[in-house]
>>> print(open('query.tsv').read())   # TSV, N, CA and C atoms
chain	number	residue	atom	x	y	z
L	81	MET	N	-55.55	221.22	126.21
L	81	MET	CA	-56.86	220.62	125.95
L	81	MET	C	-56.72	219.11	125.85
L	82	PHE	N	-57.80	218.43	126.11
L	82	PHE	CA	-57.84	216.97	126.08
L	82	PHE	C	-57.68	216.50	124.64
L	83	PRO	N	-56.65	215.67	124.35
L	83	PRO	CA	-56.45	215.22	122.96
L	83	PRO	C	-57.63	214.42	122.44
L	84	ILE	N	-57.97	214.64	121.20
L	84	ILE	CA	-59.15	214.03	120.60
L	84	ILE	C	-58.98	212.51	120.44
L	85	LYS	N	-57.72	212.03	120.38
L	85	LYS	CA	-57.53	210.59	120.24
L	85	LYS	C	-57.96	209.84	121.50
L	86	TYR	N	-57.86	210.48	122.66
L	86	TYR	CA	-58.33	209.84	123.88
L	86	TYR	C	-59.85	209.81	123.93
L	87	VAL	N	-60.48	210.82	123.39
L	87	VAL	CA	-61.94	210.82	123.30
L	87	VAL	C	-62.39	209.70	122.36
L	88	GLY	N	-61.66	209.51	121.28
L	88	GLY	CA	-61.98	208.42	120.36
L	88	GLY	C	-61.81	207.06	121.01
L	89	LEU	N	-60.76	206.91	121.83
L	89	LEU	CA	-60.56	205.65	122.55
L	89	LEU	C	-61.69	205.40	123.54
L	90	LEU	N	-62.08	206.42	124.28
L	90	LEU	CA	-63.18	206.26	125.23
L	90	LEU	C	-64.50	205.98	124.51
L	91	LEU	N	-64.70	206.59	123.35
L	91	LEU	CA	-65.90	206.32	122.57
L	91	LEU	C	-65.91	204.87	122.10
L	92	PHE	N	-64.76	204.38	121.68
L	92	PHE	CA	-64.65	202.98	121.26
L	92	PHE	C	-64.96	202.03	122.42
L	93	ILE	N	-64.42	202.32	123.60
L	93	ILE	CA	-64.69	201.50	124.78
L	93	ILE	C	-66.17	201.55	125.14
L	94	TRP	N	-66.76	202.74	125.08
L	94	TRP	CA	-68.18	202.92	125.43
L	94	TRP	C	-69.09	202.14	124.48
L	95	VAL	N	-68.84	202.27	123.19
L	95	VAL	CA	-69.68	201.57	122.20
L	95	VAL	C	-69.48	200.06	122.32
L	96	GLY	N	-68.23	199.63	122.52
L	96	GLY	CA	-67.97	198.20	122.68
L	96	GLY	C	-68.65	197.62	123.90
L	97	MET	N	-68.58	198.34	125.03
L	97	MET	CA	-69.25	197.86	126.25
L	97	MET	C	-70.76	197.85	126.08
L	98	ALA	N	-71.31	198.84	125.40
L	98	ALA	CA	-72.76	198.86	125.17
L	98	ALA	C	-73.17	197.70	124.27
L	99	PHE	N	-72.39	197.43	123.25
L	99	PHE	CA	-72.70	196.34	122.32
L	99	PHE	C	-72.65	194.99	123.02
L	100	PHE	N	-71.55	194.73	123.73
L	100	PHE	CA	-71.41	193.44	124.40
L	100	PHE	C	-72.37	193.31	125.58
L	101	GLY	N	-72.68	194.42	126.24
L	101	GLY	CA	-73.67	194.38	127.31
L	101	GLY	C	-75.05	194.04	126.78
L	102	ALA	N	-75.40	194.59	125.63
L	102	ALA	CA	-76.71	194.30	125.04
L	102	ALA	C	-76.78	192.85	124.58
L	103	ILE	N	-75.68	192.33	124.04
L	103	ILE	CA	-75.67	190.92	123.63
L	103	ILE	C	-75.78	190.02	124.85
L	104	TRP	N	-75.05	190.35	125.93
L	104	TRP	CA	-75.10	189.55	127.15
L	104	TRP	C	-76.52	189.54	127.74
L	105	GLU	N	-77.15	190.72	127.75
L	105	GLU	CA	-78.51	190.79	128.27
L	105	GLU	C	-79.47	190.01	127.39
L	106	ASP	N	-79.28	190.06	126.09
L	106	ASP	CA	-80.16	189.34	125.18
L	106	ASP	C	-80.02	187.83	125.36
L	107	CYS	N	-78.81	187.37	125.68
L	107	CYS	CA	-78.59	185.93	125.85
L	107	CYS	C	-79.06	185.43	127.21
L	108	THR	N	-79.03	186.27	128.24
L	108	THR	CA	-79.31	185.79	129.59
L	108	THR	C	-80.67	186.21	130.14
L	109	MET	N	-81.35	187.14	129.50
L	109	MET	CA	-82.60	187.66	130.06
L	109	MET	C	-83.76	186.73	129.71
L	110	PRO	N	-84.49	186.24	130.72
L	110	PRO	CA	-85.68	185.44	130.41
L	110	PRO	C	-86.81	186.36	129.94
L	111	LEU	N	-87.40	186.02	128.83
L	111	LEU	CA	-88.46	186.85	128.25
L	111	LEU	C	-89.82	186.20	128.47
L	112	GLN	N	-90.79	187.03	128.76
L	112	GLN	CA	-92.17	186.58	128.83
L	112	GLN	C	-92.74	186.55	127.41
L	113	ALA	N	-93.91	186.01	127.25
L	113	ALA	CA	-94.53	185.96	125.93
L	113	ALA	C	-94.84	187.38	125.47
L	114	GLY	N	-94.38	187.74	124.29
L	114	GLY	CA	-94.64	189.05	123.72
L	114	GLY	C	-93.60	190.10	124.08
L	115	ASP	N	-92.66	189.80	124.98
L	115	ASP	CA	-91.62	190.76	125.33
L	115	ASP	C	-90.49	190.72	124.32
L	116	HIS	N	-89.77	191.83	124.23
L	116	HIS	CA	-88.60	191.91	123.37
L	116	HIS	C	-87.47	192.55	124.15
L	117	SER	N	-86.25	192.10	123.90
L	117	SER	CA	-85.11	192.74	124.53
L	117	SER	C	-84.79	194.02	123.76
L	118	ASP	N	-83.91	194.83	124.35
L	118	ASP	CA	-83.54	196.09	123.70
L	118	ASP	C	-82.81	195.83	122.38
L	119	LEU	N	-81.94	194.84	122.36
L	119	LEU	CA	-81.21	194.52	121.13
L	119	LEU	C	-82.16	194.02	120.05
L	120	ASP	N	-83.15	193.24	120.45
L	120	ASP	CA	-84.15	192.76	119.51
L	120	ASP	C	-84.97	193.92	118.95
L	121	THR	N	-85.27	194.89	119.79
L	121	THR	CA	-86.02	196.06	119.35
L	121	THR	C	-85.21	196.88	118.35
L	122	LEU	N	-83.90	197.01	118.57
L	122	LEU	CA	-83.06	197.80	117.66
L	122	LEU	C	-82.88	197.14	116.30
L	123	THR	N	-82.92	195.82	116.26
L	123	THR	CA	-82.63	195.13	115.01
L	123	THR	C	-83.85	194.70	114.21
L	124	ASN	N	-85.04	194.81	114.77
L	124	ASN	CA	-86.26	194.39	114.05
L	124	ASN	C	-86.94	195.60	113.43
L	125	PHE	N	-86.79	195.71	112.15
L	125	PHE	CA	-87.47	196.75	111.41
L	125	PHE	C	-88.63	196.12	110.67
L	126	GLY	N	-89.67	196.90	110.48
L	126	GLY	CA	-90.84	196.41	109.77
L	126	GLY	C	-91.05	197.16	108.48
L	127	ILE	N	-92.00	196.72	107.72
L	127	ILE	CA	-92.36	197.38	106.46
L	127	ILE	C	-93.78	197.89	106.60
L	128	VAL	N	-93.94	199.18	106.43
L	128	VAL	CA	-95.25	199.81	106.48
L	128	VAL	C	-95.71	200.01	105.04
L	129	GLU	N	-96.92	199.59	104.76
L	129	GLU	CA	-97.44	199.71	103.40
L	129	GLU	C	-98.62	200.66	103.40
L	130	SER	N	-98.62	201.53	102.43
L	130	SER	CA	-99.71	202.49	102.28
L	130	SER	C	-100.28	202.34	100.88
L	131	GLN	N	-101.57	202.25	100.80
L	131	GLN	CA	-102.24	202.10	99.50
L	131	GLN	C	-102.65	203.47	99.00
L	132	GLN	N	-102.04	203.92	97.93
L	132	GLN	CA	-102.35	205.20	97.32
L	132	GLN	C	-103.10	204.96	96.01
L	133	SER	N	-103.56	206.03	95.43
L	133	SER	CA	-104.32	205.89	94.18
L	133	SER	C	-103.44	205.42	93.03
L	134	TRP	N	-102.15	205.70	93.07
L	134	TRP	CA	-101.24	205.27	92.00
L	134	TRP	C	-100.59	203.92	92.31
L	135	GLY	N	-100.85	203.37	93.49
L	135	GLY	CA	-100.31	202.05	93.83
L	135	GLY	C	-99.79	202.01	95.25
L	136	PRO	N	-99.40	200.85	95.69
L	136	PRO	CA	-98.92	200.72	97.07
L	136	PRO	C	-97.51	201.30	97.24
L	137	ILE	N	-97.26	201.85	98.41
L	137	ILE	CA	-95.94	202.36	98.78
L	137	ILE	C	-95.49	201.59	100.02
L	138	GLN	N	-94.28	201.05	99.96
L	138	GLN	CA	-93.74	200.33	101.11
L	138	GLN	C	-92.54	201.10	101.66
L	139	ILE	N	-92.54	201.31	102.97
L	139	ILE	CA	-91.49	202.08	103.63
L	139	ILE	C	-90.96	201.25	104.80
L	140	VAL	N	-89.63	201.23	104.95
L	140	VAL	CA	-89.02	200.55	106.09
L	140	VAL	C	-89.19	201.46	107.30
L	141	SER	N	-89.66	200.88	108.41
L	141	SER	CA	-89.89	201.70	109.60
L	141	SER	C	-89.32	201.01	110.83
L	142	ALA	N	-88.92	201.83	111.79
L	142	ALA	CA	-88.42	201.33	113.07
L	142	ALA	C	-89.59	201.06	114.00
L	143	PRO	N	-89.38	200.22	115.00
L	143	PRO	CA	-90.45	200.00	115.99
L	143	PRO	C	-90.73	201.27	116.78
L	144	ALA	N	-91.85	201.31	117.44
L	144	ALA	CA	-92.26	202.51	118.17
L	144	ALA	C	-91.33	202.83	119.33
L	145	ASN	N	-90.77	201.83	119.97
L	145	ASN	CA	-89.89	202.08	121.11
L	145	ASN	C	-88.41	201.96	120.75
L	146	PHE	N	-88.05	202.32	119.52
L	146	PHE	CA	-86.68	202.24	119.05
L	146	PHE	C	-85.76	203.16	119.86
L	147	PHE	N	-86.16	204.41	120.06
L	147	PHE	CA	-85.30	205.35	120.78
L	147	PHE	C	-85.21	205.04	122.26
L	148	THR	N	-86.25	204.44	122.84
L	148	THR	CA	-86.18	204.00	124.23
L	148	THR	C	-85.16	202.89	124.39
L	149	ALA	N	-85.16	201.93	123.48
L	149	ALA	CA	-84.19	200.84	123.53
L	149	ALA	C	-82.77	201.36	123.30
L	150	LEU	N	-82.62	202.31	122.39
L	150	LEU	CA	-81.30	202.90	122.14
L	150	LEU	C	-80.80	203.63	123.38
L	151	TYR	N	-81.67	204.36	124.06
L	151	TYR	CA	-81.31	205.05	125.30
L	151	TYR	C	-80.90	204.06	126.38
L	152	HIS	N	-81.62	202.96	126.50
L	152	HIS	CA	-81.28	201.96	127.52
L	152	HIS	C	-79.92	201.34	127.25
L	153	ILE	N	-79.60	201.07	126.01
L	153	ILE	CA	-78.32	200.46	125.69
L	153	ILE	C	-77.18	201.46	125.86
L	154	LEU	N	-77.35	202.68	125.41
L	154	LEU	CA	-76.25	203.65	125.48
L	154	LEU	C	-75.99	204.17	126.88
L	155	THR	N	-76.96	204.05	127.80
L	155	THR	CA	-76.73	204.45	129.18
L	155	THR	C	-76.56	203.25	130.10
L	156	PHE	N	-76.36	202.06	129.51
L	156	PHE	CA	-76.06	200.83	130.24
L	156	PHE	C	-77.13	200.49	131.28
L	157	GLN	N	-78.38	200.60	130.92
L	157	GLN	CA	-79.47	200.23	131.81
L	157	GLN	C	-79.90	198.80	131.52
L	158	PHE	N	-79.01	197.88	131.88
L	158	PHE	CA	-79.27	196.47	131.62
L	158	PHE	C	-79.92	195.83	132.84
L	159	SER	N	-80.65	194.74	132.61
L	159	SER	CA	-81.40	194.11	133.69
L	159	SER	C	-80.49	193.40	134.69
L	160	TYR	N	-79.28	193.04	134.31
L	160	TYR	CA	-78.39	192.33	135.22
L	160	TYR	C	-77.55	193.26	136.08
L	161	ILE	N	-77.65	194.57	135.88
L	161	ILE	CA	-76.95	195.54	136.73
L	161	ILE	C	-77.98	196.10	137.71
L	162	TYR	N	-77.97	195.59	138.92
L	162	TYR	CA	-78.94	196.03	139.92
L	162	TYR	C	-78.27	195.98	141.30
L	163	GLY	N	-78.95	196.52	142.27
L	163	GLY	CA	-78.43	196.52	143.65
L	163	GLY	C	-77.21	197.41	143.77
L	164	THR	N	-76.18	196.88	144.41
L	164	THR	CA	-74.95	197.67	144.61
L	164	THR	C	-74.13	197.79	143.33
L	165	TRP	N	-74.43	196.99	142.32
L	165	TRP	CA	-73.71	197.10	141.05
L	165	TRP	C	-74.00	198.43	140.35
L	166	VAL	N	-75.11	199.06	140.69
L	166	VAL	CA	-75.44	200.35	140.09
L	166	VAL	C	-74.39	201.40	140.45
L	167	TYR	N	-73.89	201.35	141.68
L	167	TYR	CA	-72.85	202.28	142.09
L	167	TYR	C	-71.56	202.05	141.32
L	168	VAL	N	-71.22	200.80	141.11
L	168	VAL	CA	-70.02	200.48	140.32
L	168	VAL	C	-70.19	200.97	138.89
L	169	LYS	N	-71.39	200.79	138.36
L	169	LYS	CA	-71.66	201.25	136.99
L	169	LYS	C	-71.43	202.74	136.87
L	170	TRP	N	-71.96	203.53	137.80
L	170	TRP	CA	-71.83	204.97	137.68
L	170	TRP	C	-70.44	205.48	138.05
L	171	ILE	N	-69.73	204.77	138.92
L	171	ILE	CA	-68.36	205.19	139.25
L	171	ILE	C	-67.44	204.98	138.06
L	172	PHE	N	-67.56	203.84	137.37
L	172	PHE	CA	-66.67	203.56	136.25
L	172	PHE	C	-67.19	204.09	134.92
L	173	LEU	N	-68.49	204.00	134.70
L	173	LEU	CA	-69.03	204.38	133.40
L	173	LEU	C	-69.48	205.83	133.34
L	174	GLY	N	-69.74	206.44	134.50
L	174	GLY	CA	-70.14	207.85	134.51
L	174	GLY	C	-69.13	208.78	133.86
L	175	PRO	N	-67.84	208.68	134.23
L	175	PRO	CA	-66.85	209.53	133.56
L	175	PRO	C	-66.71	209.23	132.07
L	176	ILE	N	-66.84	207.96	131.70
L	176	ILE	CA	-66.75	207.63	130.28
L	176	ILE	C	-67.92	208.23	129.51
L	177	ILE	N	-69.13	208.12	130.06
L	177	ILE	CA	-70.30	208.69	129.40
L	177	ILE	C	-70.17	210.21	129.30
L	178	ALA	N	-69.71	210.86	130.38
L	178	ALA	CA	-69.53	212.31	130.35
L	178	ALA	C	-68.47	212.73	129.33
L	179	THR	N	-67.38	211.97	129.24
L	179	THR	CA	-66.33	212.29	128.28
L	179	THR	C	-66.81	212.11	126.85
L	180	VAL	N	-67.58	211.06	126.61
L	180	VAL	CA	-68.09	210.82	125.26
L	180	VAL	C	-69.05	211.94	124.85
L	181	VAL	N	-69.94	212.34	125.74
L	181	VAL	CA	-70.87	213.43	125.42
L	181	VAL	C	-70.10	214.72	125.19
L	182	PHE	N	-69.10	215.00	126.04
L	182	PHE	CA	-68.27	216.19	125.86
L	182	PHE	C	-67.52	216.14	124.52
L	183	GLY	N	-66.99	214.97	124.19
L	183	GLY	CA	-66.28	214.82	122.91
L	183	GLY	C	-67.19	215.01	121.71
L	184	LEU	N	-68.41	214.50	121.80
L	184	LEU	CA	-69.35	214.69	120.70
L	184	LEU	C	-69.75	216.16	120.54
L	185	ILE	N	-69.87	216.88	121.64
L	185	ILE	CA	-70.16	218.32	121.58
L	185	ILE	C	-69.00	219.06	120.93
L	186	ILE	N	-67.77	218.77	121.36
L	186	ILE	CA	-66.59	219.41	120.79
L	186	ILE	C	-66.44	219.07	119.32
L	187	LEU	N	-66.68	217.81	118.97
L	187	LEU	CA	-66.60	217.40	117.56
L	187	LEU	C	-67.62	218.13	116.71
L	188	THR	N	-68.84	218.27	117.20
L	188	THR	CA	-69.87	218.99	116.46
L	188	THR	C	-69.50	220.46	116.29
L	189	ILE	N	-69.00	221.08	117.34
L	189	ILE	CA	-68.58	222.48	117.23
L	189	ILE	C	-67.46	222.64	116.22
L	190	GLN	N	-66.48	221.73	116.24
L	190	GLN	CA	-65.38	221.81	115.28
L	190	GLN	C	-65.84	221.59	113.85
L	191	LEU	N	-66.78	220.68	113.66
L	191	LEU	CA	-67.29	220.45	112.32
L	191	LEU	C	-68.01	221.67	111.77
L	192	PHE	N	-68.82	222.33	112.62
L	192	PHE	CA	-69.53	223.52	112.17
L	192	PHE	C	-68.59	224.69	111.93
L	193	THR	N	-67.57	224.86	112.75
L	193	THR	CA	-66.66	225.99	112.55
L	193	THR	C	-65.78	225.78	111.34
L	194	ARG	N	-65.42	224.55	111.03
L	194	ARG	CA	-64.60	224.29	109.83
L	194	ARG	C	-65.41	224.38	108.55
L	195	SER	N	-66.70	224.11	108.64
L	195	SER	CA	-67.52	224.16	107.43
L	195	SER	C	-67.96	225.58	107.06
L	196	LEU	N	-67.87	226.52	108.01
L	196	LEU	CA	-68.29	227.88	107.72
L	196	LEU	C	-67.20	228.71	107.14
>>> encode(input="query.tsv", output="structure tokens")
Amino acid sequence: MFPIKYVGLLLFIWVGMAFFGAIWEDCTMPLQAGDHSDLDTLTNFGIVESQQSWGPIQIVSAPANFFTALYHILTFQFSYIYGTWVYVKWIFLGPIIATVVFGLIILTIQLFTRSL
């Protein structure tokens, strides 16, 4: 079986590339008025306030498109990867993404079997 330490290494590479790719896109992407980058969407949380009969309640909330931005970053859908670079992205990053998903499935199964 595939050693779990290699899955951890690939997960580290995947998360690192997603993080630095999101930072690179945030620094180089020209934004129109009112637009937000994916990294900006992930880091901007708001406070929702509700007025109840016993007093106001304030809750920290994520933006509405939080999961869309997370999906874009974790699948490397950056604006600077276009044209023929898409093929390079899927040739090199496709196996890493598949291995990380497989590793997370195996890790979840092992956690559930050890806890029972």
>>> axis_aligned_box(input="query.tsv", around="region 124-134 of chain L", padding_each_side="6 Å", output="JSON")
{"center_x": -94.7, "center_y": 200.2, "center_z": 103.4, "size_x": 31.3, "size_y": 23.6, "size_z": 34.8}
>>> closest_atom_pairs(input="query.tsv", of="region 100-183 of chain L", to="region 90-94 of chain L", cutoff="8 Å", atoms="all atoms listed in the file", output="JSON lines")
{"residue": "L:Phe100", "atom": "N", "partner": "L:Trp94", "partner_atom": "C", "distance": 7.8}
{"residue": "L:Leu154", "atom": "CA", "partner": "L:Trp94", "partner_atom": "C", "distance": 7.4}
{"residue": "L:Ile176", "atom": "CA", "partner": "L:Leu90", "partner_atom": "CA", "distance": 6.3}
{"residue": "L:Ile177", "atom": "N", "partner": "L:Trp94", "partner_atom": "CA", "distance": 7.0}
{"residue": "L:Thr179", "atom": "C", "partner": "L:Leu91", "partner_atom": "N", "distance": 6.9}
{"residue": "L:Val180", "atom": "CA", "partner": "L:Leu91", "partner_atom": "CA", "distance": 5.7}
{"residue": "L:Val181", "atom": "N", "partner": "L:Leu91", "partner_atom": "CA", "distance": 7.9}
>>> atom_distance(input="query.tsv", atom1="CA of Val140 (chain L)", atom2="CA of Asn124 (chain L)")
10.4 Å
>>> residues_around(input="query.tsv", residues="Gln138 (chain L)", least_positions_apart="4", cutoff="6.5 Å", atoms="all atoms listed in the file", output="list in words")
Ile127, Val128, Glu129 and Ser130 of chain L
>>> select_by_dssp(input="query.tsv", residues="chain L", states="strand (DSSP E or B)", output="PDB file with N, CA and C atoms, in the frame of the given file")
ATOM      1  N   GLY L 126     -89.670 196.900 110.480  1.00  0.00           N
ATOM      2  CA  GLY L 126     -90.840 196.410 109.770  1.00  0.00           C
ATOM      3  C   GLY L 126     -91.050 197.160 108.480  1.00  0.00           C
ATOM      4  N   ILE L 127     -92.000 196.720 107.720  1.00  0.00           N
ATOM      5  CA  ILE L 127     -92.360 197.380 106.460  1.00  0.00           C
ATOM      6  C   ILE L 127     -93.780 197.890 106.600  1.00  0.00           C
ATOM      7  N   VAL L 128     -93.940 199.180 106.430  1.00  0.00           N
ATOM      8  CA  VAL L 128     -95.250 199.810 106.480  1.00  0.00           C
ATOM      9  C   VAL L 128     -95.710 200.010 105.040  1.00  0.00           C
ATOM     10  N   GLU L 129     -96.920 199.590 104.760  1.00  0.00           N
ATOM     11  CA  GLU L 129     -97.440 199.710 103.400  1.00  0.00           C
ATOM     12  C   GLU L 129     -98.620 200.660 103.400  1.00  0.00           C
ATOM     13  N   SER L 130     -98.620 201.530 102.430  1.00  0.00           N
ATOM     14  CA  SER L 130     -99.710 202.490 102.280  1.00  0.00           C
ATOM     15  C   SER L 130    -100.280 202.340 100.880  1.00  0.00           C
ATOM     16  N   GLN L 131    -101.570 202.250 100.800  1.00  0.00           N
ATOM     17  CA  GLN L 131    -102.240 202.100  99.500  1.00  0.00           C
ATOM     18  C   GLN L 131    -102.650 203.470  99.000  1.00  0.00           C
ATOM     19  N   GLN L 132    -102.040 203.920  97.930  1.00  0.00           N
ATOM     20  CA  GLN L 132    -102.350 205.200  97.320  1.00  0.00           C
ATOM     21  C   GLN L 132    -103.100 204.960  96.010  1.00  0.00           C
ATOM     22  N   GLY L 135    -100.850 203.370  93.490  1.00  0.00           N
ATOM     23  CA  GLY L 135    -100.310 202.050  93.830  1.00  0.00           C
ATOM     24  C   GLY L 135     -99.790 202.010  95.250  1.00  0.00           C
ATOM     25  N   PRO L 136     -99.400 200.850  95.690  1.00  0.00           N
ATOM     26  CA  PRO L 136     -98.920 200.720  97.070  1.00  0.00           C
ATOM     27  C   PRO L 136     -97.510 201.300  97.240  1.00  0.00           C
ATOM     28  N   ILE L 137     -97.260 201.850  98.410  1.00  0.00           N
ATOM     29  CA  ILE L 137     -95.940 202.360  98.780  1.00  0.00           C
ATOM     30  C   ILE L 137     -95.490 201.590 100.020  1.00  0.00           C
ATOM     31  N   GLN L 138     -94.280 201.050  99.960  1.00  0.00           N
ATOM     32  CA  GLN L 138     -93.740 200.330 101.110  1.00  0.00           C
ATOM     33  C   GLN L 138     -92.540 201.100 101.660  1.00  0.00           C
ATOM     34  N   ILE L 139     -92.540 201.310 102.970  1.00  0.00           N
ATOM     35  CA  ILE L 139     -91.490 202.080 103.630  1.00  0.00           C
ATOM     36  C   ILE L 139     -90.960 201.250 104.800  1.00  0.00           C
ATOM     37  N   VAL L 140     -89.630 201.230 104.950  1.00  0.00           N
ATOM     38  CA  VAL L 140     -89.020 200.550 106.090  1.00  0.00           C
ATOM     39  C   VAL L 140     -89.190 201.460 107.300  1.00  0.00           C
ATOM     40  N   SER L 141     -89.660 200.880 108.410  1.00  0.00           N
ATOM     41  CA  SER L 141     -89.890 201.700 109.600  1.00  0.00           C
ATOM     42  C   SER L 141     -89.320 201.010 110.830  1.00  0.00           C
TER      43      SER L 141
END
>>> select_by_dssp(input="query.tsv", residues="chain L", states="helix (DSSP H, G or I)", output="ChimeraX atom specification")
/L:84-108,118-123,146-154,165-195
>>> atom_distance(input="query.tsv", atom1="atom C of Pro83 (chain L)", atom2="CA of Gly183 (chain L)")
8.7 Å
>>> atom_distance(input="query.tsv", atom1="atom C of Asn145 (chain L)", atom2="atom N of Gln132 (chain L)")
26.7 Å
>>> closest_residue(input="query.tsv", among="L:Leu119, L:Thr108, L:Gly88, L:Leu173", to="Thr148 (chain L)", atoms="only C-alpha atoms")
L:Leu119
>>> residues_around(input="query.tsv", residues="region 105-107 of chain L", least_positions_apart="2", cutoff="8 Å", atoms="all atoms listed in the file", output="ChimeraX atom specification")
/L:99-103,109-110,117-120,158-160
